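Enquirer: This is the content of input35.tsv (TSV, C-alpha atoms):
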```
chain	number	residue	atom	x	y	z
A	45	ILE	CA	189.87	100.32	272.55
A	46	CYS	CA	191.43	97.43	274.47
A	47	PRO	CA	195.13	96.51	274.39
A	48	GLY	CA	196.08	94.43	271.38
A	49	HIS	CA	193.00	95.41	269.40
A	50	VAL	CA	193.38	96.66	265.83
A	51	LYS	CA	191.68	99.91	264.82
A	52	LEU	CA	190.98	100.96	261.24
A	53	LEU	CA	191.31	104.67	260.57
A	54	GLU	CA	190.06	105.93	257.22
A	55	VAL	CA	189.36	109.17	255.43
A	56	GLU	CA	185.61	109.37	255.03
A	57	ARG	CA	185.58	112.37	252.69
A	58	VAL	CA	187.67	115.36	251.60
A	59	LEU	CA	185.97	118.74	251.95
A	60	GLY	CA	186.72	121.91	250.01
A	61	SER	CA	188.95	120.79	247.17
A	62	GLN	CA	187.72	118.74	244.22
A	63	ASN	CA	191.12	118.71	242.56
A	64	THR	CA	191.87	115.02	242.43
A	65	PRO	CA	193.80	112.82	242.70
A	66	TYR	CA	194.54	113.17	246.38
A	67	THR	CA	197.65	111.88	248.08
A	68	TYR	CA	197.69	110.79	251.70
A	69	ARG	CA	200.25	110.61	254.44
A	70	TRP	CA	199.55	109.18	257.90
A	71	TYR	CA	201.87	109.61	260.86
A	72	ASP	CA	201.96	109.40	264.65
A	73	LEU	CA	201.98	112.83	266.26
A	74	ASN	CA	204.85	111.67	268.48
A	75	ALA	CA	206.92	110.63	265.44
A	76	PRO	CA	205.94	112.98	262.59
A	77	GLY	CA	208.92	111.99	260.46
A	78	VAL	CA	207.74	108.39	260.12
A	79	THR	CA	205.11	107.75	257.44
A	80	LEU	CA	202.70	105.01	258.50
A	81	SER	CA	200.54	104.85	255.36
A	82	THR	CA	200.10	106.59	252.00
A	83	THR	CA	196.55	105.38	251.34
A	84	ASP	CA	193.23	106.70	252.60
A	85	GLU	CA	193.27	104.26	255.52
A	86	LEU	CA	195.55	103.09	258.34
A	87	LEU	CA	195.47	100.04	260.61
A	88	VAL	CA	196.90	100.69	264.06
A	89	THR	CA	197.46	98.70	267.25
A	90	PRO	CA	198.39	101.44	269.70
A	91	ALA	CA	199.95	100.94	273.10
A	92	LEU	CA	198.22	101.57	276.42
A	93	GLY	CA	197.28	105.21	276.92
A	94	THR	CA	196.57	107.97	274.39
A	95	SER	CA	197.86	107.97	270.81
A	96	ASN	CA	197.27	110.66	268.19
A	97	TYR	CA	197.38	109.92	264.47
A	98	VAL	CA	197.47	112.61	261.78
A	99	VAL	CA	196.44	112.27	258.14
A	100	MET	CA	197.70	114.85	255.67
A	101	VAL	CA	195.72	115.10	252.41
A	102	THR	CA	197.22	116.89	249.41
A	103	ASP	CA	195.21	117.65	246.27
A	104	ALA	CA	196.44	117.88	242.67
A	105	ASN	CA	197.31	121.56	243.13
A	106	GLY	CA	199.53	120.86	246.14
A	107	CYS	CA	197.07	122.29	248.63
A	108	GLU	CA	197.08	120.47	251.97
A	109	GLU	CA	194.61	119.77	254.72
A	110	SER	CA	195.03	117.57	257.80
A	111	ASP	CA	192.97	115.95	260.50
A	112	ILE	CA	193.88	114.23	263.74
A	113	VAL	CA	192.40	111.18	265.44
A	114	GLU	CA	192.88	110.48	269.13
A	115	ILE	CA	192.73	106.86	270.32
A	116	PHE	CA	192.68	105.94	273.99
A	117	VAL	CA	193.71	102.40	274.90
A	118	VAL	CA	192.24	101.31	278.24
A	119	PRO	CA	193.71	98.54	280.42
A	120	ASN	CA	192.54	94.93	280.31
A	121	PRO	CA	191.38	93.26	283.50
A	122	THR	CA	193.25	90.32	284.98
A	123	VAL	CA	191.79	87.13	286.47
A	124	SER	CA	193.03	83.97	288.13
A	125	VAL	CA	191.35	80.84	289.49
A	126	GLU	CA	193.01	78.18	291.63
A	127	ASP	CA	192.88	74.51	290.67
A	128	GLU	CA	191.07	72.22	293.12
A	129	GLU	CA	191.17	68.51	294.00
A	130	ILE	CA	188.23	66.60	295.46
A	131	CYS	CA	186.93	63.09	296.01
A	132	LYS	CA	184.05	61.87	293.87
A	133	GLY	CA	180.75	63.14	295.32
A	134	GLU	CA	182.26	66.20	297.01
A	135	THR	CA	181.59	69.86	296.20
A	136	THR	CA	184.21	72.56	295.86
A	137	THR	CA	184.10	76.33	295.34
A	138	LEU	CA	185.90	78.09	292.50
A	139	THR	CA	186.56	81.81	292.94
A	140	ALA	CA	187.64	84.18	290.17
A	141	VAL	CA	190.06	86.79	291.55
A	142	ALA	CA	189.85	89.81	289.23
A	143	GLY	CA	191.92	92.97	289.09
A	144	GLY	CA	193.00	95.77	286.79
A	145	GLY	CA	190.59	97.03	284.17
A	146	ASN	CA	188.37	99.82	285.45
A	147	GLY	CA	187.77	98.10	288.80
A	148	ALA	CA	184.26	96.93	287.88
A	149	PHE	CA	183.90	93.38	286.63
A	150	ALA	CA	181.29	91.14	285.04
A	151	TYR	CA	181.80	87.38	285.25
A	152	GLU	CA	180.75	84.58	282.94
A	153	TRP	CA	181.68	80.96	283.65
A	154	SER	CA	181.64	78.07	281.22
A	155	THR	CA	178.73	76.78	283.34
A	156	GLY	CA	176.70	79.88	282.48
A	157	GLU	CA	176.86	81.35	285.99
A	158	THR	CA	177.65	85.04	286.40
A	159	THR	CA	178.98	85.33	289.96
A	160	ALA	CA	182.57	85.65	291.13
A	161	SER	CA	182.37	82.27	292.91
A	162	ILE	CA	180.64	79.06	291.86
A	163	GLU	CA	180.15	75.66	293.47
A	164	VAL	CA	180.81	72.58	291.35
A	165	SER	CA	180.44	68.83	291.92
A	166	PRO	CA	181.91	67.11	288.88
A	167	MET	CA	181.92	63.33	288.71
A	168	ALA	CA	185.11	63.34	286.60
A	169	THR	CA	188.07	65.69	286.25
A	170	THR	CA	186.75	68.84	284.57
A	171	ASP	CA	188.10	72.20	283.37
A	172	TYR	CA	186.10	75.33	284.20
A	173	SER	CA	186.78	78.65	282.48
A	174	VAL	CA	185.72	82.16	283.45
A	175	THR	CA	185.72	85.36	281.41
A	176	VAL	CA	185.96	88.68	283.24
A	177	THR	CA	184.87	91.86	281.46
A	178	SER	CA	185.56	95.51	282.27
A	179	SER	CA	183.26	97.80	280.26
A	180	TYR	CA	184.17	101.37	279.37
A	181	VAL	CA	181.66	103.91	278.06
A	182	ASP	CA	182.71	107.39	276.88
A	183	GLY	CA	180.08	109.25	274.90
A	184	ASN	CA	179.45	107.32	271.70
A	185	ASN	CA	182.48	105.10	272.23
A	186	ASP	CA	182.58	101.95	274.32
A	187	ALA	CA	184.97	99.08	274.87
A	188	ASP	CA	184.55	95.71	276.57
A	189	CYS	CA	187.97	94.47	277.65
A	190	THR	CA	188.24	90.88	278.80
A	191	ALA	CA	190.51	88.34	280.46
A	192	GLU	CA	190.06	84.59	280.79
A	193	ALA	CA	191.29	81.94	283.18
A	194	THR	CA	190.79	78.19	283.48
A	195	ALA	CA	190.83	75.98	286.57
A	196	THR	CA	191.00	72.20	286.67
A	197	VAL	CA	188.99	70.32	289.28
A	198	THR	CA	190.62	66.92	289.70
A	199	VAL	CA	188.20	64.22	290.88
A	200	ASN	CA	189.73	61.28	292.72
A	201	GLU	CA	187.97	57.92	292.88
A	202	ASN	CA	186.84	56.87	296.35
A	203	PRO	CA	188.11	53.59	297.82
A	204	ILE	CA	185.68	50.70	298.18
A	205	VAL	CA	185.46	48.70	301.42
A	206	GLU	CA	183.61	45.51	302.30
A	207	ILE	CA	183.57	43.96	305.78
A	208	GLU	CA	184.10	40.23	306.07
A	209	SER	CA	183.21	38.42	309.31
A	210	THR	CA	184.45	35.07	310.63
A	211	ASP	CA	180.83	34.43	311.58
A	212	ALA	CA	179.11	33.71	308.32
A	213	ASN	CA	175.66	34.62	309.66
A	214	ASP	CA	176.84	37.72	311.55
A	215	ILE	CA	175.28	36.15	314.64
A	216	THR	CA	177.35	35.11	317.64
A	217	CYS	CA	176.87	34.08	321.21
A	218	ALA	CA	177.63	36.43	324.07
A	219	GLY	CA	181.30	36.46	324.95
A	220	GLU	CA	182.44	34.81	321.74
A	221	GLU	CA	185.08	36.60	319.67
A	222	VAL	CA	184.49	37.49	316.06
A	223	SER	CA	187.10	38.79	313.63
A	224	LEU	CA	186.06	41.50	311.21
A	225	THR	CA	188.25	42.20	308.17
A	226	ALA	CA	188.07	45.27	305.99
A	227	ASN	CA	188.62	44.27	302.36
A	228	VAL	CA	189.72	47.53	300.72
A	229	THR	CA	189.90	48.37	297.03
A	230	PRO	CA	191.99	51.55	296.76
A	231	GLY	CA	190.63	54.56	294.90
A	232	THR	CA	192.81	57.04	293.04
A	233	GLY	CA	195.15	57.46	295.99
A	234	THR	CA	197.57	54.97	297.49
A	235	ASN	CA	197.99	53.47	300.98
A	236	PRO	CA	194.39	53.84	302.19
A	237	THR	CA	193.88	54.03	305.95
A	238	VAL	CA	191.25	52.18	307.96
A	239	GLU	CA	189.35	53.44	311.00
A	240	TRP	CA	186.89	51.26	312.92
A	241	THR	CA	184.08	52.77	314.98
A	242	VAL	CA	181.20	51.15	316.90
A	243	ASN	CA	177.50	51.99	316.63
A	244	GLY	CA	178.15	55.30	314.87
A	245	ASN	CA	180.34	56.60	317.68
A	246	THR	CA	183.10	58.92	316.45
A	247	THR	CA	185.71	57.27	318.66
A	248	VAL	CA	188.17	55.23	316.59
A	249	VAL	CA	188.70	51.83	318.23
A	250	SER	CA	191.12	50.33	315.69
A	251	THR	CA	193.11	51.28	312.59
A	252	SER	CA	194.04	47.73	311.52
A	253	LEU	CA	192.52	45.89	308.60
A	254	THR	CA	191.34	43.16	311.00
A	255	PHE	CA	189.37	44.00	314.14
A	256	ASP	CA	188.51	41.42	316.81
A	257	VAL	CA	185.33	41.99	318.77
A	258	ALA	CA	183.54	40.16	321.56
A	259	PRO	CA	180.07	41.71	321.76
```
Could you show the structure in this file as structure tokens?
Expert:
Amino acid sequence: ICPGHVKLLEVERVLGSQNTPYTYRWYDLNAPGVTLSTTDELLVTPALGTSNYVVMVTDANGCEESDIVEIFVVPNPTVSVEDEEICKGETTTLTAVAGGGNGAFAYEWSTGETTASIEVSPMATTDYSVTVTSSYVDGNNDADCTAEATATVTVNENPIVEIESTDANDITCAGEEVSLTANVTPGTGTNPTVEWTVNGNTTVVSTSLTFDVAP
């Protein structure tokens, strides 16, 4: 079983003696002096590793019989995902970093994807969760141990910019100077910066809100 899980142990039947009523005594093999239950069942939440529980059954004549149950608690996996911050319209990658468990992991995101990494492009701040599972199979027994993590992708609003020209028709004569002004509405952030370029060239020719040109 997985850590923290509760296991019900119960006496299915008593063989040999029909001399009822029976009395029961459950105890941990590592602490035989401590009685855990006096009924025909016991709920246990054992620690990591192997635990052995013994049930002693006594019939009305005082005859005793015992049985032992071994429970192996396997380790849970671990998982973490980093938060991300993007501008509206951008894409970011979320990666689940898993460890522990049995070293083999299955992934399931809140988006339905089943890979360790996913790409997301939310239009508003969104939480994404991922569940990592380590599966153990031993004969007729199996256990699926899980861990979960959540990452927040914060989406910042983009600024809005409009260019205003001193030439109302955006037409000027050769050699005349025209002033261009960037009217900026800030997005989520503060203190937006301005960069002017010409004809798609990557060279920045001005970083002021107003740019004078003489085409």
Enquirer: With stretch 145-153 of chain A as the partner and 10 Å as the cut-off, tabulate the residues of stretch 97-129 of chain A that qualify, each row holding the nearest pair of atoms and their distance in Å to one decimal, using all atoms listed in the file, sorted by chain and rising number, as a Markdown table.
Expert:
```
| residue | atom | partner | partner_atom | distance |
| --- | --- | --- | --- | --- |
| A:Val118 | CA | A:Gly145 | CA | 7.5 |
| A:Pro119 | CA | A:Gly145 | CA | 5.1 |
| A:Asn120 | CA | A:Gly145 | CA | 4.8 |
| A:Pro121 | CA | A:Gly145 | CA | 3.9 |
| A:Thr122 | CA | A:Gly145 | CA | 7.3 |
```
Enquirer: May I ask for the distance between atom CA of A:Thr89 and atom CA of A:Pro47, given in Å to one decimal place?
Expert: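 Atom-to-atom, atom CA of A:Thr89 to atom CA of A:Pro47, that is 7.8 Å.
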Enquirer: Could you tell me how far atom CA of A:Glu85 sits from atom CA of A:Val113, in Å to one decimal place?
Expert: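 Atom CA of A:Glu85 lies 12.1 Å from atom CA of A:Val113.
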Enquirer: For atom CA of A:Val205 and atom CA of A:Val238, quote the distance in Å rounded to one decimal.
Expert: 9.4 Å
Enquirer: Determine, counting all atoms listed in the file, which protein, DNA and RNA residues have an atom within 10 Å of an atom of A:Asp171; residues of the same chain fewer than 4 positions away are not included. Present the result as a CSV table (one decimal) with C-alpha atoms, keeping the file's coordinate frame.
Expert:
```csv
chain,number,residue,atom,x,y,z
A,127,ASP,CA,192.9,74.5,290.7
A,154,SER,CA,181.6,78.1,281.2
A,166,PRO,CA,181.9,67.1,288.9
A,194,THR,CA,190.8,78.2,283.5
A,195,ALA,CA,190.8,76.0,286.6
A,196,THR,CA,191.0,72.2,286.7
A,197,VAL,CA,189.0,70.3,289.3
A,198,THR,CA,190.6,66.9,289.7
```
Enquirer: Determine the nearest neighbour of A:Asp72 from the options A:Met100, A:Ala258, A:Val55, A:Val174, counting only C-alpha atoms.
Expert: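 When distances to A:Asp72 are compared using only C-alpha atoms, the smallest one comes from A:Met100.
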Enquirer: Using all atoms listed in the file for the distances, tell me which of A:Thr190, A:Asn74, A:Ser161, A:Asn227 is nearest to A:Gly48.
Expert: A:Thr190
Enquirer: Excluding A:Val257 and its own-chain neighbours fewer than 3 positions away, which residues fall within 8 Å of it when counting only C-alpha atoms? Please give them as a list of chain:residue names.
Expert: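 The residues satisfying every condition are A:Glu221, A:Val222, A:Ser223, A:Leu224.
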Enquirer: Selected residues, C-alpha atoms, written as a tab-separated table (two decimals), in the coordinates of the input, please.
Expert:
```
chain	number	residue	atom	x	y	z
A	221	GLU	CA	185.08	36.60	319.67
A	222	VAL	CA	184.49	37.49	316.06
A	223	SER	CA	187.10	38.79	313.63
A	224	LEU	CA	186.06	41.50	311.21
```
Enquirer: List as a PyMOL selection string the residues having at least one atom at most 7 Å from position (187.1, 83.6, 295.4) as given in the file, counting only C-alpha atoms.
Expert: chain A and resi 138-141+160-161
Enquirer: Using all atoms listed in the file for the distances, tell me which of A:Val98, A:Thr234, A:Asn63, A:Glu54 is nearest to A:Ala75.
Expert: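 The answer is A:Val98, which sits nearest to A:Ala75.
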Enquirer: Which of these, A:Asp188, A:Val125, A:Ala218, A:Tyr66, has the shortest distance to A:Tyr172 once you count all atoms listed in the file?
Expert: A:Val125
Enquirer: For stretch 249-255 of chain A, list every protein, DNA or RNA residue within 10 Å, evaluated using all atoms listed in the file, and leave out those in the same chain fewer than 4 positions away; present the list as a ChimeraX atom specification.
Expert: /A:207-209,222-228,237-242,245
Enquirer: I need the chosen residues saved as a compact mmCIF listing (two decimals), in the frame of the given file, with C-alpha atoms.
Expert:
```txt
# COMPACT_ATOMS: atom_id res chain seq x y z
CA ILE A 207 183.57 43.96 305.78
CA GLU A 208 184.10 40.23 306.07
CA SER A 209 183.21 38.42 309.31
CA VAL A 222 184.49 37.49 316.06
CA SER A 223 187.10 38.79 313.63
CA LEU A 224 186.06 41.50 311.21
CA THR A 225 188.25 42.20 308.17
CA ALA A 226 188.07 45.27 305.99
CA ASN A 227 188.62 44.27 302.36
CA VAL A 228 189.72 47.53 300.72
CA THR A 237 193.88 54.03 305.95
CA VAL A 238 191.25 52.18 307.96
CA GLU A 239 189.35 53.44 311.00
CA TRP A 240 186.89 51.26 312.92
CA THR A 241 184.08 52.77 314.98
CA VAL A 242 181.20 51.15 316.90
CA ASN A 245 180.34 56.60 317.68
```
Enquirer: Find the residue from A:Gly219, A:Pro230, A:Pro65, A:Gly143 that sits nearest to A:Asn200; use all atoms listed in the file when measuring.
Expert: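 Closest residue, counting all atoms listed in the file: A:Pro230.
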Enquirer: Return the single residue from A:Ala187, A:Val199, A:Ile112, A:Ala91 that is closest to A:Glu128, with distances computed using all atoms listed in the file.
Expert: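 Once distances to A:Glu128 are computed over all atoms listed in the file, the minimum belongs to A:Val199.
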